[in-house]
file data29.txt (compact mmCIF, N, CA and C atoms)
# COMPACT_ATOMS: atom_id res chain seq x y z
N GLN D 1 10.55 -14.77 9.74
CA GLN D 1 10.07 -14.00 8.60
C GLN D 1 9.19 -12.86 9.11
N ALA D 2 9.49 -11.65 8.64
CA ALA D 2 8.71 -10.50 9.07
C ALA D 2 7.28 -10.65 8.59
N PRO D 3 6.32 -10.21 9.39
CA PRO D 3 4.92 -10.35 8.99
C PRO D 3 4.59 -9.61 7.70
N VAL D 4 5.19 -8.43 7.52
CA VAL D 4 4.88 -7.59 6.37
C VAL D 4 6.19 -7.00 5.84
N VAL D 5 6.42 -7.11 4.56
CA VAL D 5 7.61 -6.54 3.95
C VAL D 5 7.20 -5.77 2.70
N GLU D 6 7.37 -4.44 2.76
CA GLU D 6 7.07 -3.59 1.60
C GLU D 6 8.33 -3.38 0.77
N SER D 7 8.15 -3.23 -0.53
CA SER D 7 9.29 -3.00 -1.42
C SER D 7 8.80 -2.29 -2.68
N GLY D 8 9.75 -1.85 -3.50
CA GLY D 8 9.44 -1.27 -4.79
C GLY D 8 9.53 0.24 -4.86
N GLY D 9 9.79 0.89 -3.74
CA GLY D 9 9.92 2.34 -3.75
C GLY D 9 11.21 2.78 -4.40
N GLY D 10 11.36 4.09 -4.50
CA GLY D 10 12.58 4.64 -5.09
C GLY D 10 12.40 6.09 -5.45
N LEU D 11 13.38 6.61 -6.18
CA LEU D 11 13.36 7.98 -6.66
C LEU D 11 12.86 7.98 -8.10
N VAL D 12 11.86 8.79 -8.36
CA VAL D 12 11.28 8.85 -9.70
C VAL D 12 10.96 10.31 -10.03
N GLN D 13 11.03 10.64 -11.31
CA GLN D 13 10.70 12.00 -11.72
C GLN D 13 9.20 12.20 -11.78
N PRO D 14 8.75 13.44 -11.64
CA PRO D 14 7.31 13.71 -11.79
C PRO D 14 6.79 13.14 -13.11
N GLY D 15 5.63 12.51 -13.03
CA GLY D 15 5.06 11.86 -14.20
C GLY D 15 5.45 10.41 -14.36
N GLY D 16 6.40 9.96 -13.56
CA GLY D 16 6.88 8.59 -13.63
C GLY D 16 5.98 7.60 -12.93
N SER D 17 6.41 6.34 -12.93
CA SER D 17 5.62 5.24 -12.36
C SER D 17 6.47 4.38 -11.45
N LEU D 18 5.80 3.77 -10.50
CA LEU D 18 6.41 2.77 -9.63
C LEU D 18 5.37 1.71 -9.32
N ARG D 19 5.85 0.51 -9.04
CA ARG D 19 4.95 -0.56 -8.58
C ARG D 19 5.45 -1.04 -7.23
N LEU D 20 4.64 -0.83 -6.22
CA LEU D 20 4.97 -1.26 -4.87
C LEU D 20 4.43 -2.66 -4.62
N SER D 21 5.16 -3.40 -3.79
CA SER D 21 4.73 -4.74 -3.39
C SER D 21 4.73 -4.83 -1.87
N CYS D 22 3.85 -5.67 -1.37
CA CYS D 22 3.78 -5.92 0.07
C CYS D 22 3.61 -7.42 0.25
N ALA D 23 4.64 -8.07 0.74
CA ALA D 23 4.59 -9.51 0.98
C ALA D 23 4.15 -9.74 2.42
N VAL D 24 3.15 -10.58 2.59
CA VAL D 24 2.56 -10.85 3.90
C VAL D 24 2.73 -12.33 4.23
N SER D 25 3.26 -12.61 5.40
CA SER D 25 3.53 -14.00 5.76
C SER D 25 2.31 -14.70 6.35
N ASP D 26 1.32 -13.95 6.79
CA ASP D 26 0.13 -14.51 7.43
C ASP D 26 -0.63 -15.40 6.45
N SER D 27 -0.86 -16.65 6.85
CA SER D 27 -1.52 -17.61 5.97
C SER D 27 -2.99 -17.27 5.71
N MET D 28 -3.54 -16.38 6.52
CA MET D 28 -4.94 -15.97 6.35
C MET D 28 -5.08 -14.74 5.44
N PHE D 29 -4.02 -14.42 4.72
CA PHE D 29 -4.01 -13.21 3.88
C PHE D 29 -5.25 -13.09 3.02
N SER D 30 -5.66 -14.16 2.41
CA SER D 30 -6.78 -14.09 1.46
C SER D 30 -8.09 -13.71 2.13
N THR D 31 -8.16 -13.81 3.44
CA THR D 31 -9.40 -13.49 4.17
C THR D 31 -9.44 -12.06 4.68
N TYR D 32 -8.39 -11.30 4.42
CA TYR D 32 -8.30 -9.93 4.93
C TYR D 32 -8.54 -8.91 3.84
N SER D 33 -9.30 -7.88 4.16
CA SER D 33 -9.19 -6.66 3.38
C SER D 33 -7.78 -6.13 3.60
N MET D 34 -7.20 -5.53 2.57
CA MET D 34 -5.84 -5.00 2.67
C MET D 34 -5.81 -3.55 2.23
N ARG D 35 -4.89 -2.81 2.79
CA ARG D 35 -4.86 -1.37 2.55
C ARG D 35 -3.43 -0.87 2.42
N TRP D 36 -3.24 0.05 1.51
CA TRP D 36 -2.00 0.81 1.44
C TRP D 36 -2.20 2.13 2.17
N TYR D 37 -1.17 2.49 2.93
CA TYR D 37 -1.13 3.76 3.63
C TYR D 37 0.14 4.50 3.20
N ARG D 38 0.17 5.78 3.51
CA ARG D 38 1.41 6.52 3.34
C ARG D 38 1.55 7.53 4.47
N GLN D 39 2.81 7.88 4.71
CA GLN D 39 3.10 8.81 5.80
C GLN D 39 4.28 9.67 5.41
N VAL D 40 4.11 10.98 5.54
CA VAL D 40 5.22 11.89 5.31
C VAL D 40 5.88 12.14 6.65
N LEU D 41 7.12 12.53 6.62
CA LEU D 41 7.87 12.76 7.85
C LEU D 41 7.15 13.79 8.70
N GLY D 42 6.85 13.42 9.93
CA GLY D 42 6.18 14.33 10.84
C GLY D 42 4.67 14.37 10.68
N GLY D 43 4.15 13.61 9.73
CA GLY D 43 2.71 13.61 9.48
C GLY D 43 2.03 12.35 9.96
N GLN D 44 0.73 12.30 9.78
CA GLN D 44 -0.03 11.12 10.17
C GLN D 44 -0.12 10.13 9.00
N ARG D 45 -0.26 8.87 9.34
CA ARG D 45 -0.44 7.84 8.32
C ARG D 45 -1.84 8.01 7.73
N GLU D 46 -1.94 7.97 6.40
CA GLU D 46 -3.23 8.15 5.75
C GLU D 46 -3.48 7.01 4.76
N MET D 47 -4.75 6.72 4.54
CA MET D 47 -5.11 5.67 3.61
C MET D 47 -4.87 6.12 2.18
N VAL D 48 -4.34 5.21 1.38
CA VAL D 48 -4.16 5.47 -0.05
C VAL D 48 -5.17 4.67 -0.86
N ALA D 49 -5.24 3.36 -0.58
CA ALA D 49 -6.12 2.49 -1.35
C ALA D 49 -6.46 1.25 -0.54
N ASN D 50 -7.62 0.70 -0.79
CA ASN D 50 -8.10 -0.47 -0.07
C ASN D 50 -8.64 -1.50 -1.06
N ILE D 51 -8.45 -2.78 -0.76
CA ILE D 51 -9.03 -3.84 -1.57
C ILE D 51 -9.60 -4.89 -0.63
N ASP D 52 -10.84 -5.30 -0.87
CA ASP D 52 -11.44 -6.27 0.04
C ASP D 52 -11.28 -7.69 -0.51
N VAL D 53 -11.91 -8.64 0.17
CA VAL D 53 -11.72 -10.05 -0.19
C VAL D 53 -12.39 -10.41 -1.51
N ARG D 54 -13.30 -9.52 -1.99
CA ARG D 54 -13.93 -9.76 -3.30
C ARG D 54 -13.26 -8.92 -4.39
N ASP D 55 -12.12 -8.33 -4.04
CA ASP D 55 -11.37 -7.47 -4.97
C ASP D 55 -12.10 -6.16 -5.28
N VAL D 56 -12.99 -5.76 -4.41
CA VAL D 56 -13.60 -4.44 -4.54
C VAL D 56 -12.60 -3.41 -4.01
N THR D 57 -12.37 -2.37 -4.78
CA THR D 57 -11.32 -1.41 -4.44
C THR D 57 -11.90 -0.04 -4.09
N ALA D 58 -11.13 0.71 -3.33
CA ALA D 58 -11.49 2.07 -2.97
C ALA D 58 -10.21 2.89 -2.86
N TYR D 59 -10.32 4.18 -3.20
CA TYR D 59 -9.13 5.02 -3.24
C TYR D 59 -9.38 6.34 -2.53
N ALA D 60 -8.32 6.90 -1.98
CA ALA D 60 -8.40 8.24 -1.42
C ALA D 60 -8.62 9.24 -2.55
N PRO D 61 -9.28 10.35 -2.27
CA PRO D 61 -9.56 11.34 -3.33
C PRO D 61 -8.31 11.84 -4.04
N PHE D 62 -7.20 11.92 -3.34
CA PHE D 62 -5.99 12.46 -3.97
C PHE D 62 -5.42 11.52 -5.03
N VAL D 63 -5.87 10.28 -5.07
CA VAL D 63 -5.35 9.34 -6.07
C VAL D 63 -5.78 9.76 -7.48
N LYS D 64 -6.99 10.21 -7.63
CA LYS D 64 -7.48 10.78 -8.90
C LYS D 64 -7.24 9.84 -10.08
N GLY D 65 -7.45 8.54 -9.89
CA GLY D 65 -7.35 7.58 -10.97
C GLY D 65 -5.93 7.20 -11.37
N ARG D 66 -4.94 7.64 -10.63
CA ARG D 66 -3.55 7.40 -11.01
C ARG D 66 -3.00 6.08 -10.49
N PHE D 67 -3.57 5.53 -9.42
CA PHE D 67 -3.04 4.33 -8.78
C PHE D 67 -4.02 3.17 -8.95
N THR D 68 -3.47 1.95 -8.92
CA THR D 68 -4.29 0.74 -8.95
C THR D 68 -3.80 -0.24 -7.90
N ILE D 69 -4.70 -0.63 -7.01
CA ILE D 69 -4.37 -1.62 -5.99
C ILE D 69 -4.82 -2.99 -6.49
N SER D 70 -4.02 -4.02 -6.19
CA SER D 70 -4.38 -5.37 -6.58
C SER D 70 -3.74 -6.34 -5.58
N ARG D 71 -4.13 -7.59 -5.68
CA ARG D 71 -3.61 -8.59 -4.76
C ARG D 71 -3.45 -9.92 -5.47
N ASP D 72 -2.50 -10.71 -4.98
CA ASP D 72 -2.30 -12.08 -5.45
C ASP D 72 -2.36 -12.96 -4.21
N ASN D 73 -3.49 -13.61 -4.01
CA ASN D 73 -3.67 -14.40 -2.79
C ASN D 73 -2.74 -15.62 -2.76
N ALA D 74 -2.46 -16.19 -3.89
CA ALA D 74 -1.57 -17.36 -3.92
C ALA D 74 -0.16 -16.98 -3.45
N GLU D 75 0.26 -15.76 -3.79
CA GLU D 75 1.58 -15.28 -3.39
C GLU D 75 1.53 -14.47 -2.09
N ARG D 76 0.32 -14.26 -1.55
CA ARG D 76 0.16 -13.43 -0.34
C ARG D 76 0.83 -12.08 -0.52
N THR D 77 0.56 -11.46 -1.62
CA THR D 77 1.21 -10.20 -1.95
C THR D 77 0.18 -9.17 -2.39
N LEU D 78 0.37 -7.97 -1.89
CA LEU D 78 -0.45 -6.81 -2.24
C LEU D 78 0.39 -5.89 -3.12
N TYR D 79 -0.25 -5.27 -4.10
CA TYR D 79 0.46 -4.40 -5.03
C TYR D 79 -0.18 -3.01 -5.09
N LEU D 80 0.64 -2.04 -5.48
CA LEU D 80 0.11 -0.71 -5.77
C LEU D 80 0.86 -0.19 -7.00
N GLN D 81 0.16 -0.14 -8.12
CA GLN D 81 0.72 0.45 -9.33
C GLN D 81 0.45 1.94 -9.28
N MET D 82 1.50 2.73 -9.32
CA MET D 82 1.37 4.19 -9.22
C MET D 82 1.88 4.82 -10.50
N ASN D 83 1.02 5.54 -11.17
CA ASN D 83 1.36 6.24 -12.40
C ASN D 83 1.18 7.74 -12.20
N SER D 84 1.74 8.51 -13.11
CA SER D 84 1.61 9.98 -13.08
C SER D 84 1.95 10.53 -11.70
N LEU D 85 3.05 10.08 -11.17
CA LEU D 85 3.44 10.47 -9.82
C LEU D 85 3.74 11.96 -9.74
N GLU D 86 3.39 12.53 -8.62
CA GLU D 86 3.56 13.95 -8.35
C GLU D 86 4.47 14.12 -7.13
N PRO D 87 5.13 15.26 -7.01
CA PRO D 87 5.98 15.47 -5.82
C PRO D 87 5.22 15.28 -4.51
N GLU D 88 3.91 15.57 -4.53
CA GLU D 88 3.10 15.42 -3.31
C GLU D 88 2.91 13.96 -2.91
N ASP D 89 3.27 13.04 -3.79
CA ASP D 89 3.18 11.62 -3.46
C ASP D 89 4.40 11.13 -2.69
N THR D 90 5.37 11.98 -2.51
CA THR D 90 6.56 11.62 -1.75
C THR D 90 6.18 11.27 -0.32
N ALA D 91 6.51 10.05 0.11
CA ALA D 91 6.14 9.56 1.43
C ALA D 91 6.71 8.15 1.60
N THR D 92 6.58 7.63 2.81
CA THR D 92 6.85 6.22 3.05
C THR D 92 5.52 5.48 2.97
N TYR D 93 5.50 4.42 2.20
CA TYR D 93 4.27 3.66 1.96
C TYR D 93 4.31 2.35 2.75
N TYR D 94 3.18 2.05 3.38
CA TYR D 94 3.01 0.88 4.22
C TYR D 94 1.75 0.12 3.80
N CYS D 95 1.69 -1.15 4.20
CA CYS D 95 0.44 -1.89 4.00
C CYS D 95 0.05 -2.56 5.31
N ASN D 96 -1.22 -2.86 5.44
CA ASN D 96 -1.74 -3.58 6.59
C ASN D 96 -3.14 -4.07 6.30
N ALA D 97 -3.64 -4.88 7.20
CA ALA D 97 -5.01 -5.40 7.12
C ALA D 97 -5.84 -4.59 8.10
N PRO D 98 -6.58 -3.60 7.63
CA PRO D 98 -7.18 -2.59 8.52
C PRO D 98 -8.22 -3.13 9.50
N PHE D 99 -8.85 -4.26 9.19
CA PHE D 99 -9.91 -4.77 10.07
C PHE D 99 -9.47 -5.98 10.88
N ARG D 100 -8.22 -6.37 10.71
CA ARG D 100 -7.68 -7.47 11.51
C ARG D 100 -7.41 -6.96 12.91
N ARG D 101 -7.77 -7.74 13.92
CA ARG D 101 -7.47 -7.38 15.30
C ARG D 101 -6.69 -8.50 15.97
N PRO D 102 -5.45 -8.25 16.38
CA PRO D 102 -4.78 -6.96 16.22
C PRO D 102 -4.31 -6.74 14.78
N LEU D 103 -3.91 -5.51 14.46
CA LEU D 103 -3.32 -5.26 13.17
C LEU D 103 -2.06 -6.11 13.00
N LEU D 104 -1.70 -6.36 11.77
CA LEU D 104 -0.41 -6.98 11.50
C LEU D 104 0.70 -6.06 12.02
N GLN D 105 1.79 -6.65 12.40
CA GLN D 105 2.93 -5.82 12.81
C GLN D 105 3.36 -4.98 11.62
N TRP D 106 3.50 -3.68 11.86
CA TRP D 106 3.86 -2.79 10.75
C TRP D 106 5.25 -3.10 10.21
N GLY D 107 5.38 -3.06 8.89
CA GLY D 107 6.68 -3.23 8.28
C GLY D 107 7.48 -1.94 8.31
N GLN D 108 8.64 -1.99 7.66
CA GLN D 108 9.51 -0.82 7.60
C GLN D 108 9.02 0.21 6.58
N GLY D 109 8.13 -0.22 5.73
CA GLY D 109 7.66 0.69 4.69
C GLY D 109 8.65 0.76 3.54
N THR D 110 8.21 1.40 2.46
CA THR D 110 9.09 1.62 1.32
C THR D 110 8.98 3.10 0.93
N GLN D 111 10.12 3.72 0.77
CA GLN D 111 10.19 5.16 0.53
C GLN D 111 9.98 5.47 -0.95
N VAL D 112 9.06 6.38 -1.21
CA VAL D 112 8.81 6.89 -2.56
C VAL D 112 9.18 8.36 -2.57
N THR D 113 10.08 8.73 -3.45
CA THR D 113 10.46 10.13 -3.60
C THR D 113 10.25 10.55 -5.05
N VAL D 114 9.43 11.58 -5.22
CA VAL D 114 9.12 12.09 -6.56
C VAL D 114 9.76 13.47 -6.68
N SER D 115 10.78 13.55 -7.51
CA SER D 115 11.53 14.79 -7.63
C SER D 115 12.27 14.82 -8.95
N SER D 116 12.41 16.02 -9.47
CA SER D 116 13.19 16.18 -10.70
C SER D 116 14.63 16.55 -10.35
call {"tool": "encode", "arguments": {"input": "data29.txt", "output": "structure tokens"}}
result
Amino acid sequence: QAPVVESGGGLVQPGGSLRLSCAVSDSMFSTYSMRWYRQVLGGQREMVANIDVRDVTAYAPFVKGRFTISRDNAERTLYLQMNSLEPEDTATYYCNAPFRRPLLQWGQGTQVTVSS
């Protein structure tokens, strides 16, 4: 079983919504802060949203209240609800545990394309 499996991406029109999921096989999931990242082709991976073990959340400035990160510890799954999507949100989205050493093995990511 892959350590991290992202899903839920797709093609959506501007203004649309998607819900991304990240299934993590690590049994210590509930003890990790978790983070969504995104990367455009040829660009660097950047933080989108973070949630800690107390469910305290933080977002990159570009989110502007449009996204919501959440987690289900019983299912070892991380979520990202994305609303009011913009073409600039087009990227491959990944998740990981940013303070775990070593990091979890990166998954394949899930592609989000926002286009009319």
call {"tool": "residues_around", "arguments": {"input": "data29.txt", "residues": "Ser21 in chain D", "least_positions_apart": "4", "cutoff": "6 Å", "atoms": "only N, CA and C atoms", "output": "number ranges by chain"}}
result
D: 5-8, 78-80
call {"tool": "residues_around", "arguments": {"input": "data29.txt", "residues": "Trp36 in chain D", "least_positions_apart": "3", "cutoff": "7 Å", "atoms": "only N, CA and C atoms", "output": "short mmCIF file (atom, residue, chain, number, x, y, z; two decimals) with N, CA and C atoms, in the frame of the given file"}}
result
data_model
loop_
_atom_site.label_atom_id
_atom_site.label_comp_id
_atom_site.auth_asym_id
_atom_site.auth_seq_id
_atom_site.Cartn_x
_atom_site.Cartn_y
_atom_site.Cartn_z
N GLU D 46 -1.94 7.97 6.40
CA GLU D 46 -3.23 8.15 5.75
C GLU D 46 -3.48 7.01 4.76
N MET D 47 -4.75 6.72 4.54
CA MET D 47 -5.11 5.67 3.61
C MET D 47 -4.87 6.12 2.18
N VAL D 48 -4.34 5.21 1.38
CA VAL D 48 -4.16 5.47 -0.05
C VAL D 48 -5.17 4.67 -0.86
N ALA D 49 -5.24 3.36 -0.58
CA ALA D 49 -6.12 2.49 -1.35
C ALA D 49 -6.46 1.25 -0.54
N ASN D 50 -7.62 0.70 -0.79
CA ASN D 50 -8.10 -0.47 -0.07
C ASN D 50 -8.64 -1.50 -1.06
N ILE D 51 -8.45 -2.78 -0.76
CA ILE D 51 -9.03 -3.84 -1.57
C ILE D 51 -9.60 -4.89 -0.63
N TYR D 93 5.50 4.42 2.20
CA TYR D 93 4.27 3.66 1.96
C TYR D 93 4.31 2.35 2.75
N TYR D 94 3.18 2.05 3.38
CA TYR D 94 3.01 0.88 4.22
C TYR D 94 1.75 0.12 3.80
N CYS D 95 1.69 -1.15 4.20
CA CYS D 95 0.44 -1.89 4.00
C CYS D 95 0.05 -2.56 5.31
N ASN D 96 -1.22 -2.86 5.44
CA ASN D 96 -1.74 -3.58 6.59
C ASN D 96 -3.14 -4.07 6.30
#
call {"tool": "closest_residue", "arguments": {"input": "data29.txt", "among": "D:Ala2, D:Arg66, D:Pro102, D:Arg54", "to": "Ser25 in chain D", "atoms": "only C-alpha atoms"}}
result
D:Ala2
call {"tool": "select_by_dssp", "arguments": {"input": "data29.txt", "residues": "range 17-107 of chain D", "states": "helix (DSSP H, G or I)", "output": "PyMOL selection string"}}
result
chain D and resi 29-31+61-63+87-89
call {"tool": "closest_residue", "arguments": {"input": "data29.txt", "among": "D:Thr31, D:Thr90, D:Thr113, D:Pro98", "to": "Asn73 in chain D", "atoms": "all atoms listed in the file"}}
result
D:Thr31
call {"tool": "residues_around", "arguments": {"input": "data29.txt", "residues": "Phe67 in chain D", "least_positions_apart": "2", "cutoff": "7 Å", "atoms": "only C-alpha atoms", "output": "PyMOL selection string"}}
result
chain D and resi 63+65+69+80-83
call {"tool": "select_by_dssp", "arguments": {"input": "data29.txt", "residues": "chain D", "states": "strand (DSSP E or B)", "output": "mmCIF file with N, CA and C atoms, in the frame of the given file"}}
result
data_model
loop_
_atom_site.group_PDB
_atom_site.id
_atom_site.type_symbol
_atom_site.label_atom_id
_atom_site.label_comp_id
_atom_site.auth_asym_id
_atom_site.auth_seq_id
_atom_site.Cartn_x
_atom_site.Cartn_y
_atom_site.Cartn_z
ATOM 1 N N VAL D 4 5.190 -8.430 7.520
ATOM 2 C CA VAL D 4 4.880 -7.590 6.370
ATOM 3 C C VAL D 4 6.190 -7.000 5.840
ATOM 4 N N VAL D 5 6.420 -7.110 4.560
ATOM 5 C CA VAL D 5 7.610 -6.540 3.950
ATOM 6 C C VAL D 5 7.200 -5.770 2.700
ATOM 7 N N GLU D 6 7.370 -4.440 2.760
ATOM 8 C CA GLU D 6 7.070 -3.590 1.600
ATOM 9 C C GLU D 6 8.330 -3.380 0.770
ATOM 10 N N SER D 7 8.150 -3.230 -0.530
ATOM 11 C CA SER D 7 9.290 -3.000 -1.420
ATOM 12 C C SER D 7 8.800 -2.290 -2.680
ATOM 13 N N GLY D 10 11.360 4.090 -4.500
ATOM 14 C CA GLY D 10 12.580 4.640 -5.090
ATOM 15 C C GLY D 10 12.400 6.090 -5.450
ATOM 16 N N LEU D 11 13.380 6.610 -6.180
ATOM 17 C CA LEU D 11 13.360 7.980 -6.660
ATOM 18 C C LEU D 11 12.860 7.980 -8.100
ATOM 19 N N VAL D 12 11.860 8.790 -8.360
ATOM 20 C CA VAL D 12 11.280 8.850 -9.700
ATOM 21 C C VAL D 12 10.960 10.310 -10.030
ATOM 22 N N LEU D 18 5.800 3.770 -10.500
ATOM 23 C CA LEU D 18 6.410 2.770 -9.630
ATOM 24 C C LEU D 18 5.370 1.710 -9.320
ATOM 25 N N ARG D 19 5.850 0.510 -9.040
ATOM 26 C CA ARG D 19 4.950 -0.560 -8.580
ATOM 27 C C ARG D 19 5.450 -1.040 -7.230
ATOM 28 N N LEU D 20 4.640 -0.830 -6.220
ATOM 29 C CA LEU D 20 4.970 -1.260 -4.870
ATOM 30 C C LEU D 20 4.430 -2.660 -4.620
ATOM 31 N N SER D 21 5.160 -3.400 -3.790
ATOM 32 C CA SER D 21 4.730 -4.740 -3.390
ATOM 33 C C SER D 21 4.730 -4.830 -1.870
ATOM 34 N N CYS D 22 3.850 -5.670 -1.370
ATOM 35 C CA CYS D 22 3.780 -5.920 0.070
ATOM 36 C C CYS D 22 3.610 -7.420 0.250
ATOM 37 N N ALA D 23 4.640 -8.070 0.740
ATOM 38 C CA ALA D 23 4.590 -9.510 0.980
ATOM 39 C C ALA D 23 4.150 -9.740 2.420
ATOM 40 N N VAL D 24 3.150 -10.580 2.590
ATOM 41 C CA VAL D 24 2.560 -10.850 3.900
ATOM 42 C C VAL D 24 2.730 -12.330 4.230
ATOM 43 N N MET D 34 -7.200 -5.530 2.570
ATOM 44 C CA MET D 34 -5.840 -5.000 2.670
ATOM 45 C C MET D 34 -5.810 -3.550 2.230
ATOM 46 N N ARG D 35 -4.890 -2.810 2.790
ATOM 47 C CA ARG D 35 -4.860 -1.370 2.550
ATOM 48 C C ARG D 35 -3.430 -0.870 2.420
ATOM 49 N N TRP D 36 -3.240 0.050 1.510
ATOM 50 C CA TRP D 36 -2.000 0.810 1.440
ATOM 51 C C TRP D 36 -2.200 2.130 2.170
ATOM 52 N N TYR D 37 -1.170 2.490 2.930
ATOM 53 C CA TYR D 37 -1.130 3.760 3.630
ATOM 54 C C TYR D 37 0.140 4.500 3.200
ATOM 55 N N ARG D 38 0.170 5.780 3.510
ATOM 56 C CA ARG D 38 1.410 6.520 3.340
ATOM 57 C C ARG D 38 1.550 7.530 4.470
ATOM 58 N N GLN D 39 2.810 7.880 4.710
ATOM 59 C CA GLN D 39 3.100 8.810 5.800
ATOM 60 C C GLN D 39 4.280 9.670 5.410
ATOM 61 N N GLU D 46 -1.940 7.970 6.400
ATOM 62 C CA GLU D 46 -3.230 8.150 5.750
ATOM 63 C C GLU D 46 -3.480 7.010 4.760
ATOM 64 N N MET D 47 -4.750 6.720 4.540
ATOM 65 C CA MET D 47 -5.110 5.670 3.610
ATOM 66 C C MET D 47 -4.870 6.120 2.180
ATOM 67 N N VAL D 48 -4.340 5.210 1.380
ATOM 68 C CA VAL D 48 -4.160 5.470 -0.050
ATOM 69 C C VAL D 48 -5.170 4.670 -0.860
ATOM 70 N N ALA D 49 -5.240 3.360 -0.580
ATOM 71 C CA ALA D 49 -6.120 2.490 -1.350
ATOM 72 C C ALA D 49 -6.460 1.250 -0.540
ATOM 73 N N ASN D 50 -7.620 0.700 -0.790
ATOM 74 C CA ASN D 50 -8.100 -0.470 -0.070
ATOM 75 C C ASN D 50 -8.640 -1.500 -1.060
ATOM 76 N N ILE D 51 -8.450 -2.780 -0.760
ATOM 77 C CA ILE D 51 -9.030 -3.840 -1.570
ATOM 78 C C ILE D 51 -9.600 -4.890 -0.630
ATOM 79 N N THR D 57 -12.370 -2.370 -4.780
ATOM 80 C CA THR D 57 -11.320 -1.410 -4.440
ATOM 81 C C THR D 57 -11.900 -0.040 -4.090
ATOM 82 N N ALA D 58 -11.130 0.710 -3.330
ATOM 83 C CA ALA D 58 -11.490 2.070 -2.970
ATOM 84 C C ALA D 58 -10.210 2.890 -2.860
ATOM 85 N N TYR D 59 -10.320 4.180 -3.200
ATOM 86 C CA TYR D 59 -9.130 5.020 -3.240
ATOM 87 C C TYR D 59 -9.380 6.340 -2.530
ATOM 88 N N PHE D 67 -3.570 5.530 -9.420
ATOM 89 C CA PHE D 67 -3.040 4.330 -8.780
ATOM 90 C C PHE D 67 -4.020 3.170 -8.950
ATOM 91 N N THR D 68 -3.470 1.950 -8.920
ATOM 92 C CA THR D 68 -4.290 0.740 -8.950
ATOM 93 C C THR D 68 -3.800 -0.240 -7.900
ATOM 94 N N ILE D 69 -4.700 -0.630 -7.010
ATOM 95 C CA ILE D 69 -4.370 -1.620 -5.990
ATOM 96 C C ILE D 69 -4.820 -2.990 -6.490
ATOM 97 N N SER D 70 -4.020 -4.020 -6.190
ATOM 98 C CA SER D 70 -4.380 -5.370 -6.580
ATOM 99 C C SER D 70 -3.740 -6.340 -5.580
ATOM 100 N N ARG D 71 -4.130 -7.590 -5.680
ATOM 101 C CA ARG D 71 -3.610 -8.590 -4.760
ATOM 102 C C ARG D 71 -3.450 -9.920 -5.470
ATOM 103 N N ASP D 72 -2.500 -10.710 -4.980
ATOM 104 C CA ASP D 72 -2.300 -12.080 -5.450
ATOM 105 C C ASP D 72 -2.360 -12.960 -4.210
ATOM 106 N N THR D 77 0.560 -11.460 -1.620
ATOM 107 C CA THR D 77 1.210 -10.200 -1.950
ATOM 108 C C THR D 77 0.180 -9.170 -2.390
ATOM 109 N N LEU D 78 0.370 -7.970 -1.890
ATOM 110 C CA LEU D 78 -0.450 -6.810 -2.240
ATOM 111 C C LEU D 78 0.390 -5.890 -3.120
ATOM 112 N N TYR D 79 -0.250 -5.270 -4.100
ATOM 113 C CA TYR D 79 0.460 -4.400 -5.030
ATOM 114 C C TYR D 79 -0.180 -3.010 -5.090
ATOM 115 N N LEU D 80 0.640 -2.040 -5.480
ATOM 116 C CA LEU D 80 0.110 -0.710 -5.770
ATOM 117 C C LEU D 80 0.860 -0.190 -7.000
ATOM 118 N N GLN D 81 0.160 -0.140 -8.120
ATOM 119 C CA GLN D 81 0.720 0.450 -9.330
ATOM 120 C C GLN D 81 0.450 1.940 -9.280
ATOM 121 N N MET D 82 1.500 2.730 -9.320
ATOM 122 C CA MET D 82 1.370 4.190 -9.220
ATOM 123 C C MET D 82 1.880 4.820 -10.500
ATOM 124 N N ALA D 91 6.510 10.050 0.110
ATOM 125 C CA ALA D 91 6.140 9.560 1.430
ATOM 126 C C ALA D 91 6.710 8.150 1.600
ATOM 127 N N THR D 92 6.580 7.630 2.810
ATOM 128 C CA THR D 92 6.850 6.220 3.050
ATOM 129 C C THR D 92 5.520 5.480 2.970
ATOM 130 N N TYR D 93 5.500 4.420 2.200
ATOM 131 C CA TYR D 93 4.270 3.660 1.960
ATOM 132 C C TYR D 93 4.310 2.350 2.750
ATOM 133 N N TYR D 94 3.180 2.050 3.380
ATOM 134 C CA TYR D 94 3.010 0.880 4.220
ATOM 135 C C TYR D 94 1.750 0.120 3.800
ATOM 136 N N CYS D 95 1.690 -1.150 4.200
ATOM 137 C CA CYS D 95 0.440 -1.890 4.000
ATOM 138 C C CYS D 95 0.050 -2.560 5.310
ATOM 139 N N ASN D 96 -1.220 -2.860 5.440
ATOM 140 C CA ASN D 96 -1.740 -3.580 6.590
ATOM 141 C C ASN D 96 -3.140 -4.070 6.300
ATOM 142 N N THR D 110 8.210 1.400 2.460
ATOM 143 C CA THR D 110 9.090 1.620 1.320
ATOM 144 C C THR D 110 8.980 3.100 0.930
ATOM 145 N N GLN D 111 10.120 3.720 0.770
ATOM 146 C CA GLN D 111 10.190 5.160 0.530
ATOM 147 C C GLN D 111 9.980 5.470 -0.950
ATOM 148 N N VAL D 112 9.060 6.380 -1.210
ATOM 149 C CA VAL D 112 8.810 6.890 -2.560
ATOM 150 C C VAL D 112 9.180 8.360 -2.570
ATOM 151 N N THR D 113 10.080 8.730 -3.450
ATOM 152 C CA THR D 113 10.460 10.130 -3.600
ATOM 153 C C THR D 113 10.250 10.550 -5.050
ATOM 154 N N VAL D 114 9.430 11.580 -5.220
ATOM 155 C CA VAL D 114 9.120 12.090 -6.560
ATOM 156 C C VAL D 114 9.760 13.470 -6.680
#
call {"tool": "closest_residue", "arguments": {"input": "data29.txt", "among": "D:Val40, D:Ser70, D:Gln108, D:Glu75", "to": "Thr57 in chain D", "atoms": "only N, CA and C atoms"}}
result
D:Ser70
